[in-house]
Amino acid sequence: MYNPFSLEDKTIFITGASSGIGRATAIECSKLGAKVVITGRNEKRLNETYCQLEGENHIQVVADFFCNNDIEILITKLPILDGIVHCAGITNPIPFQFITNEKLTSIFSINFFTPVLVSKEIYKKKLIRNTLKNIESQINQYSNFIRIHRICIVNRHYIEKLHKSNDSHWLTIKGFDEHLPVSRQYLLKLKESL
Ligand SMILES: NC(=O)c1ccc[n+]([C@@H]2O[C@H](COP(=O)([O-])OP(=O)(O)OC[C@H]3O[C@@H](n4cnc5c(N)ncnc54)[C@H](OP(=O)(O)O)[C@@H]3O)[C@@H](O)[C@H]2O)c1
């Protein structure tokens, strides 16, 4: 049976997987068929998550996001990925009189800066980039999505108006200010669908 939520043949990287949201996400992704790469600081709890994963060929890497060396090793151990879920995070409630720039920076370092920097490195090396042609073939059973240009697929339910000026055509979309170009090769099909 067709399952649009299937993660068969996908590899998903999940941070903060030794506990809480990250652990639950890793287990669910594995149940949906994904191979998962999980990371966290605490080796014992990370391994507890690992033991609850369904399927095979999962990877676990212990890494502390405060440690640059750990992050570098983690990135080298990552395979090509289809997706990333950042769940690593800390909460540190501090009374106002004890707040310092250093304490705030350390919270933001784990909750924001490191995930963004790790994603940047992964994006450069390890993330599969999809093509519009591929996406088009994956969603071609949904008749509301239509290709209008080399760089655009739109949901025709949100098309506001097809415009024409001289020889060029473009679309306006409800609630979106940008003008979307329409190529000549897709024009006829678009007009038929409106
Ligand atoms: N749970 C909620 O309802 C909720 C709601 C909104 C937002 N959040 C936020 O979402 C995040 C995750 O929440 P949670 O409930 O899943 O928290 P959690 O159970 O405490 O899990 C936090 C995860 O982050 C990892 N982590 C913490 N510091 C790290 C570091 N320096 N390097 C690498 N990994 C580190 C922990 O690894 P170790 O266990 O190995 O240390 C653990 O796997 C937190 O930032 C939280 O504030 C949670």
# chains A, B, ... in the order shown; residues from 1 in each chain; ligands from 1

call {"tool": "residues_around", "arguments": {"residues": "His149 in chain A", "least_positions_apart": "2", "cutoff": "6 Å", "atoms": "only C-alpha atoms", "output": "compact mmCIF listing (two decimals) with N, CA and C atoms, in the first residue's frame"}}
result
# COMPACT_ATOMS: atom_id res chain seq x y z
N ARG A 147 3.64 21.79 -12.74
CA ARG A 147 4.92 22.42 -13.07
C ARG A 147 4.65 23.63 -13.95
N ILE A 151 12.05 26.17 -12.57
CA ILE A 151 12.34 26.35 -11.15
C ILE A 151 11.08 26.33 -10.27
N CYS A 152 9.91 26.03 -10.84
CA CYS A 152 8.68 26.15 -10.03
C CYS A 152 7.67 25.04 -10.25
N VAL A 182 6.20 31.70 -15.79
CA VAL A 182 5.61 30.53 -16.45
C VAL A 182 6.33 30.36 -17.79
N SER A 183 6.90 29.17 -18.00
CA SER A 183 7.58 28.93 -19.28
C SER A 183 6.57 28.57 -20.35

call {"tool": "residues_near_ligand", "arguments": {"ligand": "ligand 1", "cutoff": "10 Å", "atoms": "only C-alpha atoms and all ligand atoms", "output": "PyMOL selection string"}}
result
chain A and resi 14-25+38-46+49+62-67+70-71+86-92+106-112+114-115

call {"tool": "select_by_dssp", "arguments": {"residues": "range 3-194 of chain A", "states": "helix (DSSP H, G or I)", "output": "VMD selection string"}}
result
chain A and resid 20 to 31 43 to 51 68 to 77 96 to 98 101 to 125 132 to 138 156 to 158 184 to 193

call {"tool": "residues_around", "arguments": {"residues": "Ile135 in chain A", "least_positions_apart": "2", "cutoff": "12 Å", "atoms": "only C-alpha atoms", "output": "MDAnalysis selection string"}}
result
chainID A and resid 129:133 137:142 145:147 151:154

call {"tool": "closest_residue", "arguments": {"among": "A:Ser30, A:Val118, A:Asn144, A:Asp167", "to": "Ile73 in chain A", "atoms": "only C-alpha atoms"}}
result
A:Val118

call {"tool": "select_by_dssp", "arguments": {"residues": "chain A", "states": "strand (DSSP E)", "output": "number ranges by chain"}}
result
A: 11-15, 35-40, 59-62, 83-86, 145-149, 152-155, 159-165, 168-173, 176-182

call {"tool": "write_last_selection", "arguments": {"atoms": "C-alpha atoms", "output": "short mmCIF file (atom, residue, chain, number, x, y, z; two decimals), in the first residue's frame"}}
result
data_model
loop_
_atom_site.label_atom_id
_atom_site.label_comp_id
_atom_site.auth_asym_id
_atom_site.auth_seq_id
_atom_site.Cartn_x
_atom_site.Cartn_y
_atom_site.Cartn_z
CA THR A 11 18.76 8.03 6.16
CA ILE A 12 17.84 10.49 8.90
CA PHE A 13 20.26 12.13 11.34
CA ILE A 14 18.82 12.89 14.79
CA THR A 15 20.60 14.90 17.49
CA LYS A 35 18.05 4.07 8.73
CA VAL A 36 18.89 6.52 11.52
CA VAL A 37 22.10 8.08 12.73
CA ILE A 38 21.68 9.08 16.35
CA THR A 39 23.84 11.25 18.53
CA GLY A 40 23.89 12.42 22.15
CA ILE A 59 24.58 4.25 13.55
CA GLN A 60 25.19 5.80 16.97
CA VAL A 61 27.86 8.43 17.63
CA VAL A 62 28.55 9.89 21.06
CA GLY A 83 17.08 14.53 6.45
CA ILE A 84 18.13 16.03 9.77
CA VAL A 85 16.13 16.44 12.99
CA HIS A 86 17.83 18.60 15.61
CA PHE A 145 0.37 20.29 -8.26
CA ILE A 146 1.53 21.56 -11.60
CA ARG A 147 4.92 22.42 -13.07
CA ILE A 148 5.06 25.94 -14.46
CA HIS A 149 8.77 26.55 -14.95
CA CYS A 152 8.68 26.15 -10.03
CA ILE A 153 5.93 23.70 -9.14
CA VAL A 154 2.73 25.29 -7.76
CA ASN A 155 -0.45 24.16 -6.08
CA ILE A 159 -3.18 30.41 -8.03
CA GLU A 160 -4.63 33.89 -7.96
CA LYS A 161 -4.20 34.92 -11.58
CA LEU A 162 -2.27 34.16 -14.74
CA HIS A 163 -0.78 37.38 -16.14
CA LYS A 164 0.57 38.21 -19.55
CA SER A 165 2.82 41.02 -20.70
CA SER A 168 5.93 36.51 -21.12
CA HIS A 169 3.55 34.96 -18.61
CA TRP A 170 3.64 34.83 -14.83
CA LEU A 171 1.46 33.78 -11.93
CA THR A 172 0.42 35.46 -8.75
CA ILE A 173 -0.26 33.20 -5.77
CA PHE A 176 2.52 35.52 -1.70
CA ASP A 177 4.05 38.70 -3.15
CA GLU A 178 6.52 37.18 -5.62
CA HIS A 179 5.63 36.81 -9.30
CA LEU A 180 6.23 33.25 -10.51
CA PRO A 181 7.48 32.83 -14.09
CA VAL A 182 5.61 30.53 -16.45
#

call {"tool": "atom_distance", "arguments": {"atom1": "CA of Pro79 in chain A", "atom2": "CA of Lys120 in chain A"}}
result
15.1 Å

call {"tool": "closest_residue", "arguments": {"among": "A:Leu74, A:Ile94, A:Ile99, A:Leu190", "to": "Glu121 in chain A", "atoms": "only C-alpha atoms"}}
result
A:Leu74

call {"tool": "closest_residue", "arguments": {"among": "A:Tyr186, A:Asp82, A:Leu194, A:Cys29", "to": "Ile128 in chain A", "atoms": "only C-alpha atoms"}}
result
A:Asp82

call {"tool": "atom_distance", "arguments": {"atom1": "CA of Ile80 in chain A", "atom2": "CA of Ile122 in chain A"}}
result
8.7 Å

call {"tool": "decode", "arguments": {"residues": "range 21-86 of chain A", "atoms": "C-alpha atoms", "output": "PDB file, in the first residue's frame"}}
result
ATOM      1  CA  ILE A  21      11.998  14.220  21.861  1.00  0.00           C
ATOM      2  CA  GLY A  22      15.141  13.030  20.051  1.00  0.00           C
ATOM      3  CA  ARG A  23      14.787   9.476  21.335  1.00  0.00           C
ATOM      4  CA  ALA A  24      11.078   9.344  20.408  1.00  0.00           C
ATOM      5  CA  THR A  25      11.832  10.787  16.948  1.00  0.00           C
ATOM      6  CA  ALA A  26      14.595   8.251  16.309  1.00  0.00           C
ATOM      7  CA  ILE A  27      12.394   5.321  17.292  1.00  0.00           C
ATOM      8  CA  GLU A  28       9.469   6.569  15.166  1.00  0.00           C
ATOM      9  CA  CYS A  29      11.706   7.194  12.125  1.00  0.00           C
ATOM     10  CA  SER A  30      13.071   3.647  12.423  1.00  0.00           C
ATOM     11  CA  LYS A  31       9.500   2.299  12.623  1.00  0.00           C
ATOM     12  CA  LEU A  32       8.713   4.192   9.408  1.00  0.00           C
ATOM     13  CA  GLY A  33      11.586   2.374   7.716  1.00  0.00           C
ATOM     14  CA  ALA A  34      14.456   4.857   7.992  1.00  0.00           C
ATOM     15  CA  LYS A  35      18.046   4.069   8.727  1.00  0.00           C
ATOM     16  CA  VAL A  36      18.887   6.516  11.517  1.00  0.00           C
ATOM     17  CA  VAL A  37      22.103   8.077  12.726  1.00  0.00           C
ATOM     18  CA  ILE A  38      21.677   9.076  16.354  1.00  0.00           C
ATOM     19  CA  THR A  39      23.844  11.248  18.532  1.00  0.00           C
ATOM     20  CA  GLY A  40      23.889  12.419  22.148  1.00  0.00           C
ATOM     21  CA  ARG A  41      26.399  12.906  24.944  1.00  0.00           C
ATOM     22  CA  ASN A  42      25.471  10.120  27.313  1.00  0.00           C
ATOM     23  CA  GLU A  43      26.746   6.837  25.884  1.00  0.00           C
ATOM     24  CA  LYS A  44      24.582   4.578  28.071  1.00  0.00           C
ATOM     25  CA  ARG A  45      21.323   6.374  27.292  1.00  0.00           C
ATOM     26  CA  LEU A  46      22.213   6.727  23.616  1.00  0.00           C
ATOM     27  CA  ASN A  47      22.717   2.982  23.488  1.00  0.00           C
ATOM     28  CA  GLU A  48      19.322   2.457  25.189  1.00  0.00           C
ATOM     29  CA  THR A  49      17.764   4.378  22.289  1.00  0.00           C
ATOM     30  CA  TYR A  50      19.817   2.355  19.813  1.00  0.00           C
ATOM     31  CA  CYS A  51      18.468  -0.895  21.299  1.00  0.00           C
ATOM     32  CA  GLN A  52      14.874   0.327  20.779  1.00  0.00           C
ATOM     33  CA  LEU A  53      15.317   1.061  17.056  1.00  0.00           C
ATOM     34  CA  GLU A  54      13.561  -1.135  14.552  1.00  0.00           C
ATOM     35  CA  GLY A  55      15.405  -2.457  11.521  1.00  0.00           C
ATOM     36  CA  GLU A  56      19.122  -2.652  10.897  1.00  0.00           C
ATOM     37  CA  ASN A  57      22.230  -0.675   9.958  1.00  0.00           C
ATOM     38  CA  HIS A  58      21.593   2.240  12.315  1.00  0.00           C
ATOM     39  CA  ILE A  59      24.575   4.248  13.549  1.00  0.00           C
ATOM     40  CA  GLN A  60      25.189   5.804  16.968  1.00  0.00           C
ATOM     41  CA  VAL A  61      27.857   8.433  17.629  1.00  0.00           C
ATOM     42  CA  VAL A  62      28.551   9.885  21.060  1.00  0.00           C
ATOM     43  CA  ALA A  63      29.357  13.601  20.761  1.00  0.00           C
ATOM     44  CA  ASP A  64      29.277  16.668  22.982  1.00  0.00           C
ATOM     45  CA  PHE A  65      28.237  19.762  21.052  1.00  0.00           C
ATOM     46  CA  PHE A  66      30.434  21.881  23.333  1.00  0.00           C
ATOM     47  CA  CYS A  67      33.460  20.039  21.934  1.00  0.00           C
ATOM     48  CA  ASN A  68      34.658  21.005  18.419  1.00  0.00           C
ATOM     49  CA  ASN A  69      36.672  17.818  18.093  1.00  0.00           C
ATOM     50  CA  ASP A  70      33.571  15.698  18.823  1.00  0.00           C
ATOM     51  CA  ILE A  71      31.624  17.668  16.198  1.00  0.00           C
ATOM     52  CA  GLU A  72      34.341  17.161  13.570  1.00  0.00           C
ATOM     53  CA  ILE A  73      34.481  13.410  14.243  1.00  0.00           C
ATOM     54  CA  LEU A  74      30.669  13.209  14.182  1.00  0.00           C
ATOM     55  CA  ILE A  75      30.515  14.874  10.757  1.00  0.00           C
ATOM     56  CA  THR A  76      33.144  12.534   9.301  1.00  0.00           C
ATOM     57  CA  LYS A  77      31.138   9.533  10.526  1.00  0.00           C
ATOM     58  CA  LEU A  78      27.904  10.675   8.877  1.00  0.00           C
ATOM     59  CA  PRO A  79      26.791   8.939   5.692  1.00  0.00           C
ATOM     60  CA  ILE A  80      24.903  10.740   2.906  1.00  0.00           C
ATOM     61  CA  LEU A  81      21.661  11.965   4.514  1.00  0.00           C
ATOM     62  CA  ASP A  82      18.093  12.524   3.404  1.00  0.00           C
ATOM     63  CA  GLY A  83      17.083  14.532   6.446  1.00  0.00           C
ATOM     64  CA  ILE A  84      18.133  16.033   9.769  1.00  0.00           C
ATOM     65  CA  VAL A  85      16.132  16.440  12.994  1.00  0.00           C
ATOM     66  CA  HIS A  86      17.831  18.602  15.612  1.00  0.00           C
TER      67      HIS A  86
END
